[in-house]
>>> print(open('target_8.cif').read())   # mmCIF, C-alpha atoms and all ligand atoms
data_data
#
loop_
_atom_site.label_atom_id
_atom_site.label_comp_id
_atom_site.auth_asym_id
_atom_site.auth_seq_id
_atom_site.Cartn_x
_atom_site.Cartn_y
_atom_site.Cartn_z
CA MET A 1 6.31 9.47 43.86
CA HIS A 2 3.09 8.55 45.66
CA ARG A 3 2.34 5.03 46.79
CA VAL A 4 -1.09 3.85 45.69
CA LEU A 5 -2.53 0.66 47.16
CA ILE A 6 -4.62 -1.28 44.63
CA LEU A 7 -6.83 -3.91 46.24
CA GLY A 8 -6.81 -6.33 43.34
CA GLY A 9 -7.73 -9.83 42.24
CA THR A 10 -9.47 -8.62 39.08
CA SER A 11 -8.44 -7.82 35.51
CA GLU A 12 -9.30 -4.15 36.18
CA GLY A 13 -6.93 -4.11 39.17
CA ALA A 14 -4.11 -5.51 37.03
CA ALA A 15 -4.84 -3.02 34.24
CA LEU A 16 -4.75 -0.16 36.74
CA ALA A 17 -1.37 -1.35 38.05
CA ASP A 18 -0.12 -1.33 34.44
CA LYS A 19 -1.38 2.19 33.90
CA LEU A 20 -0.01 3.62 37.15
CA SER A 21 3.38 1.97 36.80
CA ALA A 22 3.84 4.00 33.61
CA ASP A 23 2.98 7.23 35.45
CA PRO A 24 5.97 8.97 37.08
CA ASP A 25 3.75 10.36 39.86
CA PHE A 26 2.72 7.00 41.31
CA ILE A 27 4.05 3.69 42.60
CA PRO A 28 1.30 1.07 42.48
CA ILE A 29 1.24 -1.67 45.13
CA THR A 30 -1.17 -4.43 44.21
CA SER A 31 -2.59 -6.43 47.08
CA LEU A 32 -3.97 -9.92 46.47
CA ALA A 33 -5.79 -12.08 48.98
CA GLY A 34 -3.46 -14.98 48.15
CA ARG A 35 -6.20 -17.44 47.19
CA THR A 36 -4.89 -18.28 43.69
CA ARG A 37 -1.85 -20.57 43.54
CA GLU A 38 -0.13 -18.82 40.64
CA PRO A 39 -1.52 -15.32 40.27
CA LYS A 40 -0.93 -13.44 37.03
CA ASP A 41 2.05 -11.07 36.98
CA VAL A 42 1.29 -7.44 37.75
CA GLN A 43 3.32 -4.31 37.09
CA GLY A 44 4.66 -2.43 40.09
CA LEU A 45 4.89 -3.84 43.61
CA LEU A 46 2.94 -6.85 44.85
CA ARG A 47 1.93 -8.04 48.31
CA GLN A 48 -0.21 -11.04 49.16
CA GLY A 49 -2.43 -12.21 52.03
CA GLY A 50 -5.00 -10.65 54.35
CA PHE A 51 -4.09 -7.54 56.34
CA GLY A 52 -5.79 -8.69 59.54
CA GLY A 53 -9.11 -6.84 59.35
CA VAL A 54 -9.63 -3.08 59.54
CA GLU A 55 -7.01 -2.67 62.24
CA GLY A 56 -4.36 -4.51 60.22
CA LEU A 57 -5.15 -2.49 57.12
CA VAL A 58 -4.90 0.81 59.03
CA LYS A 59 -1.45 -0.26 60.29
CA TYR A 60 -0.36 -1.22 56.79
CA LEU A 61 -1.53 2.08 55.27
CA LYS A 62 0.43 4.04 57.83
CA LEU A 63 3.55 1.87 57.74
CA GLU A 64 3.74 1.92 53.95
CA LYS A 65 2.87 5.63 53.76
CA VAL A 66 0.05 4.93 51.31
CA PHE A 67 -1.15 8.06 49.54
CA ALA A 68 -4.48 6.71 48.24
CA VAL A 69 -6.33 3.41 47.93
CA LEU A 70 -8.12 2.06 44.90
CA ASP A 71 -10.42 -0.80 45.73
CA ALA A 72 -10.49 -2.79 42.50
CA THR A 73 -11.72 -5.99 44.11
CA HIS A 74 -14.46 -8.13 42.62
CA PRO A 75 -18.04 -6.85 43.12
CA PHE A 76 -18.77 -9.91 45.30
CA ALA A 77 -15.74 -9.38 47.59
CA THR A 78 -17.70 -7.40 50.17
CA GLN A 79 -15.62 -7.91 53.30
CA ILE A 80 -12.44 -6.34 51.95
CA THR A 81 -14.47 -3.48 50.46
CA LYS A 82 -16.04 -2.71 53.85
CA ASN A 83 -12.65 -3.04 55.56
CA ALA A 84 -11.08 -0.64 53.08
CA PHE A 85 -13.86 1.89 53.65
CA PHE A 86 -13.45 1.91 57.44
CA ALA A 87 -9.63 1.72 57.36
CA CYS A 88 -9.33 4.68 54.98
CA GLN A 89 -11.69 6.71 57.14
CA ILE A 90 -9.61 5.98 60.22
CA ALA A 91 -6.28 6.61 58.46
CA LYS A 92 -7.72 9.64 56.62
CA ILE A 93 -6.57 8.36 53.25
CA PRO A 94 -8.56 8.91 50.02
CA LEU A 95 -10.40 5.82 48.76
CA ALA A 96 -12.21 5.12 45.50
CA ARG A 97 -13.70 1.94 44.15
CA LEU A 98 -12.84 0.81 40.63
CA THR A 99 -15.68 -1.46 39.66
CA ARG A 100 -17.95 -2.62 36.82
CA LYS A 101 -21.57 -1.98 36.03
CA PRO A 102 -23.64 -5.15 36.33
CA TRP A 103 -24.68 -6.90 33.13
CA VAL A 104 -28.20 -6.23 31.92
CA ALA A 105 -30.26 -8.91 30.15
CA GLU A 106 -30.60 -8.41 26.40
CA THR A 107 -32.99 -9.78 23.82
CA GLY A 108 -32.49 -13.54 23.73
CA ASP A 109 -31.34 -13.80 27.35
CA ASP A 110 -33.38 -15.99 29.67
CA TRP A 111 -32.29 -15.00 33.17
CA ASP A 112 -33.64 -15.87 36.58
CA ASN A 113 -32.20 -13.17 38.88
CA VAL A 114 -31.59 -14.37 42.44
CA GLU A 115 -30.06 -12.80 45.55
CA ASN A 116 -27.48 -15.37 46.60
CA ILE A 117 -26.00 -18.81 45.94
CA GLU A 118 -28.52 -20.60 48.19
CA GLN A 119 -31.38 -19.17 46.14
CA ALA A 120 -29.55 -20.04 42.93
CA VAL A 121 -29.14 -23.66 43.98
CA ALA A 122 -32.76 -23.89 45.13
CA SER A 123 -33.87 -22.67 41.67
CA ILE A 124 -32.08 -25.44 39.74
CA PRO A 125 -34.63 -27.88 38.31
CA VAL A 126 -34.36 -31.58 39.15
CA GLY A 127 -32.22 -33.48 36.64
CA ALA A 128 -30.47 -30.36 35.25
CA ARG A 129 -26.92 -30.45 33.89
CA VAL A 130 -25.54 -27.23 35.32
CA PHE A 131 -22.46 -25.18 34.44
CA VAL A 132 -21.39 -23.64 37.76
CA THR A 133 -19.18 -20.55 37.44
CA THR A 134 -19.80 -18.91 40.80
CA GLY A 135 -16.37 -19.67 42.26
CA ARG A 136 -14.78 -22.15 44.58
CA GLN A 137 -15.80 -20.63 47.90
CA GLU A 138 -19.50 -21.42 47.92
CA LEU A 139 -19.78 -24.86 46.36
CA GLU A 140 -21.28 -26.84 49.25
CA PRO A 141 -24.93 -25.89 48.49
CA TYR A 142 -24.57 -27.39 44.99
CA PHE A 143 -23.09 -30.61 46.34
CA LYS A 144 -26.08 -31.09 48.66
CA ARG A 145 -28.22 -31.57 45.55
CA ASP A 146 -27.87 -35.20 44.45
CA ASP A 147 -30.52 -34.74 41.75
CA ILE A 148 -28.40 -32.51 39.46
CA TRP A 149 -25.14 -32.86 37.52
CA THR A 150 -22.59 -30.03 37.86
CA LEU A 151 -19.74 -28.89 35.63
CA VAL A 152 -17.76 -26.72 38.06
CA ARG A 153 -15.14 -24.32 36.69
CA VAL A 154 -12.53 -23.10 39.15
CA ILE A 155 -9.15 -21.39 38.77
CA ASP A 156 -7.22 -23.98 40.78
CA MET A 157 -8.28 -27.62 40.82
CA PRO A 158 -9.49 -28.48 44.36
CA ALA A 159 -8.27 -31.54 46.26
CA LYS A 160 -11.89 -32.73 46.52
CA LYS A 161 -13.06 -35.16 43.84
CA LEU A 162 -16.65 -35.34 42.71
CA GLU A 163 -18.32 -38.73 42.83
CA LEU A 164 -18.76 -40.30 39.43
CA GLY A 165 -22.10 -39.28 38.00
CA THR A 166 -22.53 -36.14 40.13
CA GLY A 167 -20.30 -33.76 38.17
CA LYS A 168 -16.85 -32.70 37.12
CA PHE A 169 -14.33 -30.01 38.06
CA ILE A 170 -12.48 -28.20 35.31
CA ALA A 171 -9.71 -25.66 35.89
CA GLY A 172 -9.54 -22.50 33.84
CA ARG A 173 -8.80 -18.82 34.12
CA GLY A 174 -10.52 -16.26 31.92
CA PRO A 175 -10.99 -14.46 29.72
CA PHE A 176 -12.67 -17.20 27.67
CA SER A 177 -13.81 -16.62 24.11
CA VAL A 178 -17.49 -16.95 23.24
CA GLU A 179 -16.63 -19.78 20.81
CA ASP A 180 -14.78 -21.76 23.51
CA GLU A 181 -17.66 -21.25 25.94
CA VAL A 182 -20.17 -22.46 23.34
CA ASP A 183 -18.04 -25.56 22.65
CA LEU A 184 -17.64 -26.29 26.35
CA MET A 185 -21.35 -26.03 27.08
CA ARG A 186 -22.13 -28.21 24.04
CA ASP A 187 -19.47 -30.82 24.82
CA TYR A 188 -20.82 -31.32 28.34
CA GLU A 189 -24.45 -31.01 27.23
CA VAL A 190 -25.19 -28.47 29.95
CA ASP A 191 -28.71 -27.12 29.96
CA LEU A 192 -28.32 -24.32 32.53
CA LEU A 193 -25.66 -21.79 33.55
CA VAL A 194 -25.28 -20.34 37.04
CA SER A 195 -23.30 -17.09 37.12
CA LYS A 196 -22.61 -14.19 39.42
CA ASN A 197 -23.60 -10.90 37.84
CA SER A 198 -20.00 -9.72 37.97
CA GLY A 199 -20.20 -7.23 35.10
CA GLY A 200 -17.17 -6.43 32.93
CA GLN A 201 -15.85 -8.03 29.78
CA SER A 202 -13.52 -10.77 30.94
CA SER A 203 -16.21 -13.27 31.97
CA TYR A 204 -19.02 -12.11 29.68
CA GLY A 205 -18.27 -14.78 27.03
CA LYS A 206 -20.29 -17.43 28.85
CA ILE A 207 -23.32 -15.12 28.96
CA ILE A 208 -23.18 -14.58 25.19
CA ALA A 209 -22.63 -18.32 24.73
CA ALA A 210 -25.73 -19.15 26.80
CA ARG A 211 -27.72 -16.63 24.72
CA ARG A 212 -26.51 -18.25 21.48
CA LEU A 213 -27.38 -21.72 22.71
CA GLY A 214 -30.75 -20.60 24.08
CA LEU A 215 -29.80 -21.76 27.59
CA PRO A 216 -31.34 -20.28 30.73
CA VAL A 217 -29.07 -18.53 33.24
CA ILE A 218 -29.53 -18.29 36.99
CA MET A 219 -27.93 -14.92 37.66
CA VAL A 220 -26.86 -14.00 41.20
CA ARG A 221 -27.20 -10.25 41.83
CA ALA A 222 -24.15 -8.42 43.15
CA PRO A 223 -24.48 -7.30 46.78
CA GLU A 224 -25.11 -3.59 47.29
CA LEU A 225 -22.99 -1.97 49.97
CA ASN A 226 -24.01 1.68 49.70
CA LEU A 227 -20.99 2.90 51.63
CA GLY A 228 -20.87 6.19 49.78
CA THR A 229 -17.37 5.57 48.41
CA VAL A 230 -16.37 7.39 45.19
CA VAL A 231 -16.97 4.94 42.34
CA CYS A 232 -14.94 4.85 39.09
CA TYR A 233 -16.11 2.72 36.18
CA SER A 234 -12.99 3.03 34.01
CA LEU A 235 -9.21 3.28 34.31
CA HIS A 236 -9.48 6.78 32.96
CA GLU A 237 -11.85 7.85 35.76
CA ALA A 238 -9.64 6.19 38.38
CA SER A 239 -6.55 7.93 37.09
CA ASP A 240 -8.34 11.31 36.92
CA TRP A 241 -9.50 10.81 40.50
CA LEU A 242 -5.90 10.20 41.63
CA GLN A 243 -4.51 13.11 39.63
CA GLY A 244 -7.05 15.35 41.39
CA PHE A 245 -5.08 14.96 44.63
CA LEU A 246 -1.84 16.18 43.06
CA HIS A 247 -2.87 19.68 42.05
P1 LIG B 1 -13.74 -10.96 50.85
O1 LIG B 1 -14.66 -12.04 51.29
O2 LIG B 1 -14.26 -9.60 50.63
O3 LIG B 1 -12.52 -10.82 51.87
C1 LIG B 1 -12.23 -11.77 52.90
C2 LIG B 1 -10.88 -11.44 53.47
O4 LIG B 1 -9.85 -11.76 52.53
C3 LIG B 1 -10.68 -9.96 53.77
O5 LIG B 1 -11.24 -9.61 55.02
C4 LIG B 1 -9.17 -9.83 53.71
O6 LIG B 1 -8.58 -10.39 54.85
C5 LIG B 1 -8.82 -10.78 52.58
N1 LIG B 1 -8.75 -10.10 51.28
C6 LIG B 1 -9.70 -10.07 50.29
N2 LIG B 1 -9.25 -9.43 49.22
C7 LIG B 1 -7.99 -9.01 49.52
C8 LIG B 1 -7.00 -8.31 48.79
N3 LIG B 1 -7.20 -7.89 47.54
N4 LIG B 1 -5.81 -8.08 49.42
C9 LIG B 1 -5.59 -8.51 50.68
N5 LIG B 1 -6.50 -9.20 51.40
C10 LIG B 1 -7.67 -9.45 50.82
O7 LIG B 1 -12.97 -11.42 49.53
P2 LIG B 1 -13.23 -12.67 48.57
O8 LIG B 1 -14.59 -12.59 47.99
O9 LIG B 1 -12.77 -13.91 49.27
O10 LIG B 1 -12.20 -12.32 47.39
C11 LIG B 1 -10.81 -12.50 47.59
C12 LIG B 1 -10.06 -11.96 46.37
O11 LIG B 1 -10.50 -12.62 45.19
C13 LIG B 1 -10.28 -10.46 46.14
O12 LIG B 1 -9.03 -9.91 45.78
C14 LIG B 1 -11.25 -10.40 44.97
O13 LIG B 1 -11.05 -9.27 44.14
C15 LIG B 1 -10.92 -11.69 44.22
N6 LIG B 1 -12.08 -12.27 43.53
C16 LIG B 1 -13.23 -12.55 44.21
C17 LIG B 1 -14.32 -13.07 43.53
C18 LIG B 1 -15.62 -13.36 44.25
O14 LIG B 1 -16.57 -13.82 43.58
N7 LIG B 1 -15.73 -13.11 45.55
C19 LIG B 1 -14.22 -13.32 42.16
C20 LIG B 1 -13.03 -13.01 41.48
C21 LIG B 1 -11.96 -12.49 42.18
P3 LIG B 1 -8.15 -9.48 56.11
O15 LIG B 1 -9.43 -9.13 56.81
O16 LIG B 1 -7.24 -10.36 56.89
O17 LIG B 1 -7.46 -8.27 55.56
#
>>> encode(input="target_8.cif", output="structure tokens", more="lines below")
Ligand code: NAP
Amino acid sequence: MHRVLILGGTSEGAALADKLSADPDFIPITSLAGRTREPKDVQGLLRQGGFGGVEGLVKYLKLEKVFAVLDATHPFATQITKNAFFACQIAKIPLARLTRKPWVAETGDDWDNVENIEQAVASIPVGARVFVTTGRQELEPYFKRDDIWTLVRVIDMPAKKLELGTGKFIAGRGPFSVEDEVDLMRDYEVDLLVSKNSGGQSSYGKIIAARRLGLPVIMVRAPELNLGTVVCYSLHEASDWLQGFLH
């Protein structure tokens, strides 16, 4: 039995843990950053919290006798992806990235592609009612704009309250259906969506909903790391890659 470290925090990471736990050759260990109060259950082993940079991860890989690492973290989680790359090189352990292809605009989409959250916030027109789905970690730039109204969706409700008239926090964890996203955007009369271009199916409902409602989207491009890591775009590819080390 070979211990496979899955750097998780995504639906793909959880699905990979499911798949590997049913495979007699592997023991999956899912690692979560520990940001979400009640993470979803995963099959196999689970650990939570940072490793302590590259050095900490190298120690962990050796101590736990990890056979291979699958980095299934979110496309915007760049620090852990870089750490995994360097740690696996140092520890001489195979590494692949399980990730998603970015979404591509289709007929009916009205996207303004930007490079980062600061640019996204700067592109919001005065007076807009904005549905913010870019996560809890980079909210300050939005709150500096007192000329917009924000509907902010986060997984865990933050302690911070928004001043009356400036916006509202709602808690929710995907996947969300297209119908629910349409209703939400209608109920709050939003006229603009800000989204990370995260790719994948689980958060694509809001993009289809915006298309249906004819709403513009400010789309933040995923950072490109170009580390040269092997990239898998499906569970099947990831599992084939792992199997390749057994024979
Ligand atoms: P990040 O900026 O790349 O990482 C910051 C630090 O958090 C890392 O240096 C590491 O700490 C720790 N860390 C991150 N992911 C970890 C994991 N899976 N297991 C153990 N430690 C981890 O990461 P982030 O953008 O804050 O994302 C954190 C988690 O949320 C990831 O698991 C990611 O898949 C998930 N997530 C992120 C986004 C997003 O938009 N960024 C969206 C959905 C889900 P040490 O240096 O101490 O090891």
>>> closest_residue(input="target_8.cif", among="A:Glu64, A:Glu106, A:Glu138, A:Asp23", to="ligand LIG 1 (chain B)", atoms="only C-alpha atoms and all ligand atoms")
A:Glu138
>>> residues_near_ligand(input="target_8.cif", ligand="ligand LIG 1 (chain B)", cutoff="7 Å", atoms="only C-alpha atoms and all ligand atoms", output="list in words")
Leu7, Gly8, Gly9, Thr10, Ser31, Leu32, Ala33, Arg35, Gln48, Gly49, Gly50, Phe51, Gly52, Gly53, Val54, Gly56, Leu57, Ala72, Thr73, His74, Phe76, Ala77, Thr78, Gln79, Ile80, Thr81, Asn83, Thr134 and Gly135 of chain A
>>> atom_distance(input="target_8.cif", atom1="atom CA of A:Pro158", atom2="atom CA of A:Asn116")
22.4 Å
>>> atom_distance(input="target_8.cif", atom1="atom CA of A:Val230", atom2="atom CA of A:Ser195")
26.7 Å
>>> residues_around(input="target_8.cif", residues="A:Glu118", least_positions_apart="3", cutoff="8 Å", atoms="all atoms listed in the file", output="list in words")
Val121, Ala122 and Pro141 of chain A
>>> atom_distance(input="target_8.cif", atom1="atom CA of A:Arg100", atom2="atom CA of A:Arg37")
25.0 Å
>>> closest_residue(input="target_8.cif", among="A:Val104, A:Val190, A:Ile27, A:Leu63", to="A:Gly127", atoms="only C-alpha atoms")
A:Val190
>>> closest_residue(input="target_8.cif", among="A:Leu45, A:Val220, A:Gln243, A:Arg212", to="A:Gly108", atoms="only C-alpha atoms")
A:Arg212
>>> residues_near_point(input="target_8.cif", point="(-24.3, -24.8, 24.6)", cutoff="8 Å", atoms="all atoms listed in the file", output="JSON list (two decimals) with C-alpha atoms, in the coordinates of the input")
[["chain", "number", "residue", "atom", "x", "y", "z"],
["A", 181, "GLU", "CA", -17.66, -21.25, 25.94],
["A", 182, "VAL", "CA", -20.17, -22.46, 23.34],
["A", 183, "ASP", "CA", -18.04, -25.56, 22.65],
["A", 184, "LEU", "CA", -17.64, -26.29, 26.35],
["A", 185, "MET", "CA", -21.35, -26.03, 27.08],
["A", 186, "ARG", "CA", -22.13, -28.21, 24.04],
["A", 187, "ASP", "CA", -19.47, -30.82, 24.82],
["A", 189, "GLU", "CA", -24.45, -31.01, 27.23],
["A", 190, "VAL", "CA", -25.19, -28.47, 29.95],
["A", 191, "ASP", "CA", -28.71, -27.12, 29.96],
["A", 209, "ALA", "CA", -22.63, -18.32, 24.73],
["A", 210, "ALA", "CA", -25.73, -19.15, 26.80],
["A", 212, "ARG", "CA", -26.51, -18.25, 21.48],
["A", 213, "LEU", "CA", -27.38, -21.72, 22.71],
["A", 214, "GLY", "CA", -30.75, -20.60, 24.08],
["A", 215, "LEU", "CA", -29.80, -21.76, 27.59]]
>>> residues_around(input="target_8.cif", residues="A:Leu235", least_positions_apart="6", cutoff="9 Å", atoms="all atoms listed in the file", output="list in words")
Glu12, Ala15, Leu16, Lys19 and Leu98 of chain A
>>> residues_near_point(input="target_8.cif", point="(-10.5, -22.1, 36.6)", cutoff="8 Å", atoms="all atoms listed in the file", output="list of chain:residue names")
A:Arg153, A:Val154, A:Ile155, A:Asp156, A:Met157, A:Ile170, A:Ala171, A:Gly172, A:Arg173, A:Gly174
>>> closest_residue(input="target_8.cif", among="A:Ile207, A:Phe85, A:Thr150, A:Met1", to="A:Gly228", atoms="all atoms listed in the file")
A:Phe85
>>> closest_residue(input="target_8.cif", among="A:Leu162, A:Val231, A:Val114, A:Cys88", to="A:Lys196", atoms="all atoms listed in the file")
A:Val114
>>> decode(input="target_8.cif", residues="stretch 31-61 of chain A", atoms="N, CA and C atoms", output="compact mmCIF listing (two decimals), in the first residue's frame")
# COMPACT_ATOMS: atom_id res chain seq x y z
N SER A 31 -4.86 16.56 2.49
CA SER A 31 -4.40 17.66 3.33
C SER A 31 -5.22 18.91 3.02
N LEU A 32 -5.79 19.50 4.07
CA LEU A 32 -6.55 20.75 3.92
C LEU A 32 -5.83 21.85 4.67
N ALA A 33 -5.98 23.07 4.17
CA ALA A 33 -5.31 24.20 4.82
C ALA A 33 -5.90 24.48 6.20
N GLY A 34 -7.17 24.09 6.39
CA GLY A 34 -7.81 24.32 7.69
C GLY A 34 -8.55 25.64 7.76
N ARG A 35 -8.88 26.21 6.60
CA ARG A 35 -9.55 27.51 6.59
C ARG A 35 -11.07 27.39 6.83
N THR A 36 -11.65 26.26 6.37
CA THR A 36 -13.11 26.11 6.46
C THR A 36 -13.47 25.45 7.78
N ARG A 37 -14.49 26.04 8.48
CA ARG A 37 -14.81 25.56 9.83
C ARG A 37 -15.23 24.09 9.84
N GLU A 38 -16.12 23.72 8.93
CA GLU A 38 -16.57 22.32 8.90
C GLU A 38 -16.37 21.75 7.51
N PRO A 39 -15.15 21.30 7.22
CA PRO A 39 -14.90 20.79 5.87
C PRO A 39 -15.73 19.54 5.58
N LYS A 40 -15.98 19.33 4.28
CA LYS A 40 -16.73 18.13 3.89
C LYS A 40 -15.92 16.88 4.25
N ASP A 41 -16.62 15.78 4.51
CA ASP A 41 -15.93 14.51 4.79
C ASP A 41 -15.16 14.05 3.55
N VAL A 42 -14.01 13.45 3.77
CA VAL A 42 -13.30 12.82 2.65
C VAL A 42 -12.98 11.38 2.99
N GLN A 43 -12.87 10.56 1.98
CA GLN A 43 -12.49 9.16 2.18
C GLN A 43 -10.99 9.10 2.44
N GLY A 44 -10.57 8.10 3.19
CA GLY A 44 -9.15 7.93 3.47
C GLY A 44 -8.73 8.78 4.66
N LEU A 45 -7.44 9.06 4.76
CA LEU A 45 -6.94 9.81 5.90
C LEU A 45 -7.04 11.31 5.64
N LEU A 46 -7.08 12.06 6.73
CA LEU A 46 -7.20 13.53 6.61
C LEU A 46 -6.24 14.19 7.58
N ARG A 47 -5.55 15.23 7.11
CA ARG A 47 -4.76 16.08 8.01
C ARG A 47 -5.11 17.53 7.69
N GLN A 48 -4.95 18.41 8.67
CA GLN A 48 -5.32 19.81 8.41
C GLN A 48 -4.28 20.77 8.93
N GLY A 49 -4.14 21.90 8.24
CA GLY A 49 -3.23 22.97 8.66
C GLY A 49 -1.99 23.01 7.80
N GLY A 50 -1.34 24.20 7.77
CA GLY A 50 -0.13 24.37 6.97
C GLY A 50 0.98 23.42 7.43
N PHE A 51 1.93 23.19 6.53
CA PHE A 51 3.06 22.29 6.84
C PHE A 51 4.23 23.08 7.44
N GLY A 52 4.22 24.40 7.21
CA GLY A 52 5.38 25.21 7.61
C GLY A 52 6.32 25.38 6.43
N GLY A 53 5.77 25.84 5.30
CA GLY A 53 6.59 26.13 4.12
C GLY A 53 7.19 24.89 3.49
N VAL A 54 8.14 25.13 2.59
CA VAL A 54 8.77 24.03 1.84
C VAL A 54 9.45 23.05 2.80
N GLU A 55 10.17 23.65 3.75
CA GLU A 55 10.93 22.82 4.70
C GLU A 55 10.01 21.88 5.48
N GLY A 56 8.90 22.44 5.95
CA GLY A 56 7.93 21.64 6.73
C GLY A 56 7.33 20.55 5.87
N LEU A 57 7.08 20.86 4.62
CA LEU A 57 6.47 19.86 3.74
C LEU A 57 7.47 18.72 3.44
N VAL A 58 8.73 19.10 3.24
CA VAL A 58 9.75 18.07 3.00
C VAL A 58 9.81 17.11 4.20
N LYS A 59 9.79 17.68 5.40
CA LYS A 59 9.83 16.86 6.62
C LYS A 59 8.64 15.92 6.66
N TYR A 60 7.47 16.48 6.36
CA TYR A 60 6.24 15.68 6.41
C TYR A 60 6.31 14.52 5.41
N LEU A 61 6.75 14.82 4.20
CA LEU A 61 6.81 13.78 3.15
C LEU A 61 7.70 12.63 3.57
